[in-house]
Structure formats: C-alpha cells, structure tokens
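Step one of this worksheet: look at the structure below.
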Amino acid sequence: VDIYRPEGPGPFPVLVAISPYGKGKQSIQTLPQPPGSPIWDGGVEAGDPRFLTANGYVHVIADCRGVNKSEGEYRGWMSKQEGEDGYDLIEWIAAQPWCDGNVGMVGISYFGTIQLHVAAEKPPALKAIMPWNAVADFYREATHHGGTIQTFFFDLYTRSTNGNPVSVTPEECTPEELVRRMEELKADPDLRMYTHLWHLIDNPNVNPSFFDVLMHPLDGPFYWERSAYTRYDDITIPFYTRSAWWAYAHMHLTGTFRHLEGIKAPAKLEIDRPVDEERPLARSYDEEAVRWYDYWLKGKDTGVMDEPPLRLFVMGSNTWRREHEWPLARTEWKTLHLRPWGGLTEESEPLEESSDEFLQQPLSQTLKIESLDYATLPLPQDTEVIGPISLRLFAAIDTDDTNWIVALEDVDPAGNAREITRGYLKASHREVDRERSKPWEPYHPHLRAEPVTPGEIVEYEIAISPTANLFRRGNRIRLRVMSMDYRGNPRPAPGVSVVHYPWHVCSSSTVRHTVFHDAKRPSSLLLPIIPAAT
C-alpha cells in the first residue's frame with residue numbers, strides 16, 4: 001500500500017482505494033488527460049491524494065494480492081479472496097494511530113466494484129462506500145452481453161493484469177476434462193476467426209484471466225462468486241453509486257440500477273452524459289467524494305442526503321433531473337410496432353404475412369455492418385424517454401445461432417443519427433426466466449445454450465440498456481437491428497463513439513436474418529415515455 005497523510009498529528013478518517021492497476025501511478029500525473037490524449041491511462045482512477053489529504057483524509061492506495069508490489073496469486077476479477085483482503089486491510093488501517101476509526105473507499109470501475117465486495121465482508125471500521133462505475137453482474141455486464149462474449153476484458157487483462165494460474169480447478173473438472181474443453185473451444189469456428197483469442201486458448205498462461213472467461217461460456221458459480229449482486233444482503237452501509245448512459249465498455253450502467261434496487265441501505269445514484277472520463281479523474285470527482293464522506297465520516301451537514309436520491313442527465317435537452325425512484329413512477333409505457341417500409345408506429349400491422357431480411361457476412365469477408373432500420377414519423381411534439389427498454393422480436397435465421405444487436409437512435413430532420421443505447425442477445429441464449437423478468441426487462445438465465453432450428457420463427461425478448469433522452473419535435477426514434485460489431489483501429493469501429501467501444505465475438509458464417517412484423521408475429525419496442533409537465 002501507499003499511504004498519503006495530511007499535515008498534522010491526526011488522527012484522521014481514511015479513504016481506501018484497491019485495484020490491480022498499479023498503486024504507484026495513481027499520483028504521478030497532475031494534469032488530467034482527455035481520452036483522445038496519447039498519454040491517457042484508463043487505469044488512473046483512485047482519486048487525487050493531494051486533494052484528499054488537503055481536505056483532511058488519509059488516502060491509502062493498495063495493489064491487489066498477486067499483482068505489482070503485492071505477493072501471492074491474483075485469481076482474476078473480484079475473487080472472494082479480494083473482499084476478504086479488503087476486510088483485513090481496513091481493520092489494519094483502523095488500528096493505526098493516524099486513523100480515527102472511520103474508513104470509506106474511493107475510486108471508480110475496478111476501484112468502485114471492489115468496494116461492494118469488501119463491504120459485504122462487513123469490516124467494522126468501514127462506514128460508507130462510493131462504488132462508481134461498479135459492476136453488479138460479472139457475466140451479464142462485463143464478459144457476456146446477452147450471452148455473447150464481450151472482449152473488453154481481453155484487452156484489459158492483456159495490457160494490465162494477466163493473473164496467475166487459471167481458476168479452472170480440479171474440483172471443477174479433471175485435467176483430462178480441462179483438455180477436452182480446451183479442444184472444443186479451439187474447434188469453435190467463431191473463436192478460430194479471432195486468432196489472438198484462439199492463441200490464448202492454446203496457451204492459457206498468455207492471459208489466464210481471460211482464458212477463465214472463455215472456459216466459462218455460461219453463467220454459474222465462477223461468475224456468481226465475482227458478482228456483487230449475490231452479496232447484496234450483506235451490504236448494509238450507505239452507498240453512492242454512479243455511472244453514465246452507456247458508460248465504458250457497456251458494463252457500468254445497468255449495475256448502478258441493480259445496486260439501487262438490491263441494497264437496502266441509504267443510497268444515492270447519479271447517471272451522467274455518455275462520455276469517457278478524463279484521467280486522472282476530474283476534480284469534480286474528488287470534490288463529490290469529500291462532500292459524501294464529510295457527511296458520513298466527519299458528521300458534517302453537507303446537504304448530500306437532503307437531495308432526492310437520483311440525479312439523471314437527460315440527453316437531447318442536456319439538462320439534469322432529480323428523481324425519487326426507478327423506473328420513474330409517472331412513466332407511461334408505450335408499445336411501438338415494427339412495420340413494413342421501415343415503419344415504427346403505435347398501430348400494429350394487420351397483414352397476415354410481413355417480414356424483412358438482411359444478410360450478414362462475417363468479418364473474414366466484410367467490414368460492412370448490415371441492418372434493418374425502423375423509424376417513427378417525425379415526432380409531433382418533444383418526447384422524453386427515460387427508463388429501461390425492451391424489444392420483442394419475431395425472427396428466423398438460416399443457421400443455428402446468431403447475435404442480435406439492437407440500437408436505439410435519435411435522428412434529426414437532416415438525417416443525422418445519434419445512438420443513445422443498445423441491447424444484445426445471443427439467439428441460443430433466448431430462454432427467459434419469467435419470475436425474474438419484468439415487461440421492460442426480460443431476464444435470461446444463461447445457464448444453457450439451445451441452438452436454433454434453422455428456418456424456425458422464434459420469439460426473442462431483448463433487454464435494451466436504460467437511457468434518458470429528449471427526442472425533439474421533428475426528430476424520429478429509430479431502431480436498428482444488426483448482428484455484428486467490431487473493433488476499429490485502434491478503436492472504436494468507424495461511426496461508433498468511444499462509449500460504445502466493446503466488440504463481441506460474432507459469427508464466422510454468413511447468416512440470413514428474417515424479421516417478422518405481421519398480425520401473428522407483432523415485433524414491437526416497449527418505451528418508457530415521461531409525460532410533459534403540466
């Protein structure tokens with residue numbers, strides 16, 4: 001650990017930051033860099049020791065077990081050992097003469113997620129946390145979007161933290177079974193198309209942490225141990241969670257709302273505009289950390305708990321909104337039906353037979369992303385959409401699997417489109433858990449893969465990440481249905497903003513997709529409309 005202490009004898013409250021990204025580099029750069037800067041480093045996100053100590057806090061920055069300056073073995077993202085290590089560290093801190101017995105935690109992303117795992121261990125000195133950009137579900141948010149492998153962690157682990165021995169243990173499978181599973185993965189034609197991914201299956205120690213992800217294509221104990229939502233009942237201290245619409249690599253946003261719903265403790269939530277943040281973090285982060293912890297660790301009335309618990313940035317109008325619940329109680333749920341000629345209307349299609357098709361070639365043959373687009377007429381008035389979204393899609397494919405990738409766009413009268421959110425579902429992961437689902441948020445168990453019968457018309461329920469956007473009068477709401485994305489060089493793909501950066505393992509085959517929108521198969525989009533104030 002690195003320990004930064006204020007001037008004076010103390011004792012002081014302490015703010016702890018833990019990650020595998022390197023404790024030393026958190027303090028060496030003082031001028032924040034935008035994401036486009038060649039010296040921008042996404043792993044510098046522990047907060048500013050100079051500012052925090054100047055405001056009367058000890059700032060402790062730690063390397064996780066098994067990385068950088070710490071001994072032992074790193075077992076990948078949020079193993080149970082990491083939460084237990086955090087407990088030990090906090091209780092050691094509390095016993096030091098420079099600590100007044102009150103401890104909080106700071107930092108975003110990995111630094112934010114680990115706060116939840118440490119809080120679940122209940123160290124007595126930990127009084128509050130601030131889990132910003134913190135993942136709730138390691139499978140659904142971080143490694144597999146709708147069951148499709150998301151490759152951000154391949155990049156992350158390759159450039160930052162590879163890990164030690166793989167986590168597939170003899171208890172999980174015998175050495176012979178491990179070899180068999182590796183050979184099955186190496187024979188997967190989709191993975192073979194990405195030779196760098198095939199290479200690490202062939203050589204697990206190149207990147208053991210992402211090898212673990214590839215070896216676990218379905219949800220289960222490996223992911224449950226690393227997912228904070230499985231420990232919500234153990235988290236009882238105040239928390240302040242935050243992200244941005246979309247957020248980095250599509251893995252920070254939805255967990256923020258899960259924390260709010262699942263943790264029964266005093267809470268605040270904030271969702272900002274969809275931008276990648278500068279590094280080191282902007283001064284506004286440190287100022288908000290001081291405002292939060294002055295209240296919970298120093299007993300100062302900063303007003304932080306007098307505000308409504310939710311603060312949301314509304315795109316389109318570029319305004320902030322304070323709210324009390326999620327989804328908003330005044331939401332009017334509106335169903336828009338996919339129609340012929342690319343229509344999207346409240347009226348359903350009366351025709352008995354109506355469909356559209358697109359043919360997607362693999363990345364080995366094209367960079368062109370094909371799509372079917374469905375749009376409303378120009379809106380007669382400003383229309384505010386705030387909340388989770390879902391798509392009911394009746395479709396057929398001519399193979400046994402595909403990726404459904406759907407995007408919602410705001411299109412101005414000149415035809416300029418601004419993507420505001422996305423959703424994903426691997427066709428073979430279409431099974432829905434009805435008890436855990438809501439009309440606006442289908443829940444897929446991802447416990448098995450069920451191949452699609454080629455040519456069979458199947459109903460897919462696709463969750464689209466929450467958003468908040470004002471569609472101006474004269475603009476159109478457009479839905480795009482696709483099956484492929486990819487990384488640009490260096491990133492992202494052409495026409496895709498940095499906050500939509502993740503890319504997924506797509507089909508190595510040419511796939512024909514047929515989307516139905518007729519009386520028997522009414523494909524439709526469910527939107528959360530917020531009525532105009534009267």
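Here's how to read the names in the structure tokens: chain A, B, ... by the order shown, residue numbers from 1 in each chain, ligand numbers from 1 in the order shown.
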Backbone DSSP call of alpha helix (DSSP H) for range 286-385 of chain A, listed as a ChimeraX atom specification: /A:286-296
Residue set, range 30-91 of chain A restricted to strand (DSSP E or B), as a list of chain:residue names: A:Gln33, A:Val58, A:His59, A:Val60, A:Ile61, A:Ala62, A:Asp63
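Interatomic distance, CA of Val314 in chain A against CA of Trp246 in chain A: 12.8 Å.
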Exercise: Glu352 in chain A partners within 7 Å, only C-alpha atoms, chain neighbours under 5 positions left out, as number ranges by chain: A: 518-520
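Nearest-residue note for Met484 in chain A: choosing from A:Leu363, A:Ala427, A:Leu526, A:Ala417, the minimum distance belongs to A:Leu363, counting only C-alpha atoms.
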CA of Ala329 in chain A to CA of Arg480 in chain A, distance in Å rounded to a single decimal: 28.3 Å
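With only C-alpha atoms as the atoms that count, the residue of A:Gly146, A:Pro13, A:Gly83, A:Pro380 with the shortest distance to Gly104 in chain A is A:Pro13.
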Surrounding residues of range 114-129 of chain A excluding itself and chain neighbours under 5 positions, 6 Å, only C-alpha atoms, as a ChimeraX atom specification: /A:83,86-87,101-105,234-235,237-239
How close does range 406-467 of chain A get to range 215-219 of chain A? List, as JSON lines, each residue of range 406-467 of chain A within 10 Å, its nearest atom pair and the distance in Å to one decimal, counting only C-alpha atoms.
```
{"residue": "A:His429", "atom": "CA", "partner": "A:Leu218", "partner_atom": "CA", "distance": 9.3}
{"residue": "A:Pro445", "atom": "CA", "partner": "A:Asp219", "partner_atom": "CA", "distance": 7.4}
{"residue": "A:His446", "atom": "CA", "partner": "A:Asp219", "partner_atom": "CA", "distance": 5.5}
{"residue": "A:Leu447", "atom": "CA", "partner": "A:Leu218", "partner_atom": "CA", "distance": 5.4}
{"residue": "A:Arg448", "atom": "CA", "partner": "A:Leu218", "partner_atom": "CA", "distance": 6.5}
{"residue": "A:Ala449", "atom": "CA", "partner": "A:Leu218", "partner_atom": "CA", "distance": 7.9}
```
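Straight-line separation from CA of Ala265 in chain A to CA of Ala134 in chain A: 16.6 Å.
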Write out as an mmCIF file with C-alpha atoms, in the first residue's frame which residues come within 12 Å of Gly22 in chain A when counting only C-alpha atoms, dropping same-chain ones fewer than 4 positions away.
```cif
data_model
loop_
_atom_site.group_PDB
_atom_site.id
_atom_site.type_symbol
_atom_site.label_atom_id
_atom_site.label_comp_id
_atom_site.auth_asym_id
_atom_site.auth_seq_id
_atom_site.Cartn_x
_atom_site.Cartn_y
_atom_site.Cartn_z
ATOM 1 C CA VAL A 1 0.000 0.000 0.000
ATOM 2 C CA ASP A 2 0.918 3.653 -0.454
ATOM 3 C CA ALA A 17 -8.570 2.532 -2.957
ATOM 4 C CA ILE A 18 -7.773 -1.031 -4.135
ATOM 5 C CA GLN A 26 -2.169 6.896 -9.280
ATOM 6 C CA SER A 27 -0.351 10.010 -8.038
ATOM 7 C CA ILE A 28 2.347 10.831 -10.589
ATOM 8 C CA ASP A 41 -4.337 5.940 -18.974
ATOM 9 C CA GLY A 42 -7.710 4.434 -18.086
ATOM 10 C CA GLY A 43 -6.282 2.729 -15.000
ATOM 11 C CA VAL A 44 -5.529 6.009 -13.158
ATOM 12 C CA GLU A 45 -8.793 6.291 -11.235
ATOM 13 C CA ALA A 46 -8.121 6.141 -7.479
ATOM 14 C CA ILE A 61 -3.928 3.086 -2.296
ATOM 15 C CA ALA A 62 -3.334 -0.674 -2.445
ATOM 16 C CA ASP A 63 -2.305 -3.247 -5.034
ATOM 17 C CA CYS A 64 -4.481 -6.358 -5.004
ATOM 18 C CA ARG A 65 -2.970 -9.643 -3.921
ATOM 19 C CA GLY A 66 -0.699 -11.127 -6.561
ATOM 20 C CA VAL A 67 -0.151 -8.052 -8.745
ATOM 21 C CA ASN A 68 2.532 -5.368 -8.977
ATOM 22 C CA LYS A 69 4.039 -4.894 -5.492
ATOM 23 C CA SER A 70 1.766 -7.399 -3.692
ATOM 24 C CA TYR A 110 -12.358 -1.821 -10.531
ATOM 25 C CA PHE A 111 -11.729 0.525 -7.589
ATOM 26 C CA SER A 160 -2.891 -4.509 -17.354
ATOM 27 C CA THR A 161 -3.323 -7.629 -15.249
#
```
Within 10 Å of Phe222 in chain A using only C-alpha atoms, minus same-chain residues under 5 positions, as a list in words: Ser79, Phe138, Tyr139, Ser167, Val168, Glu172, Asp212, Val213, His216 and Ser227 of chain A
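The smallest atom-to-atom distance between Ser209 in chain A and any of A:Thr158, A:Gln33, A:Asn469, A:Thr302, using only C-alpha atoms, is found for A:Thr158.
Among A:Pro274, A:Pro362, A:Pro528, A:Pro340, the residue with the shortest atom-to-atom distance to Tyr374 in chain A, counting only C-alpha atoms, is A:Pro340.
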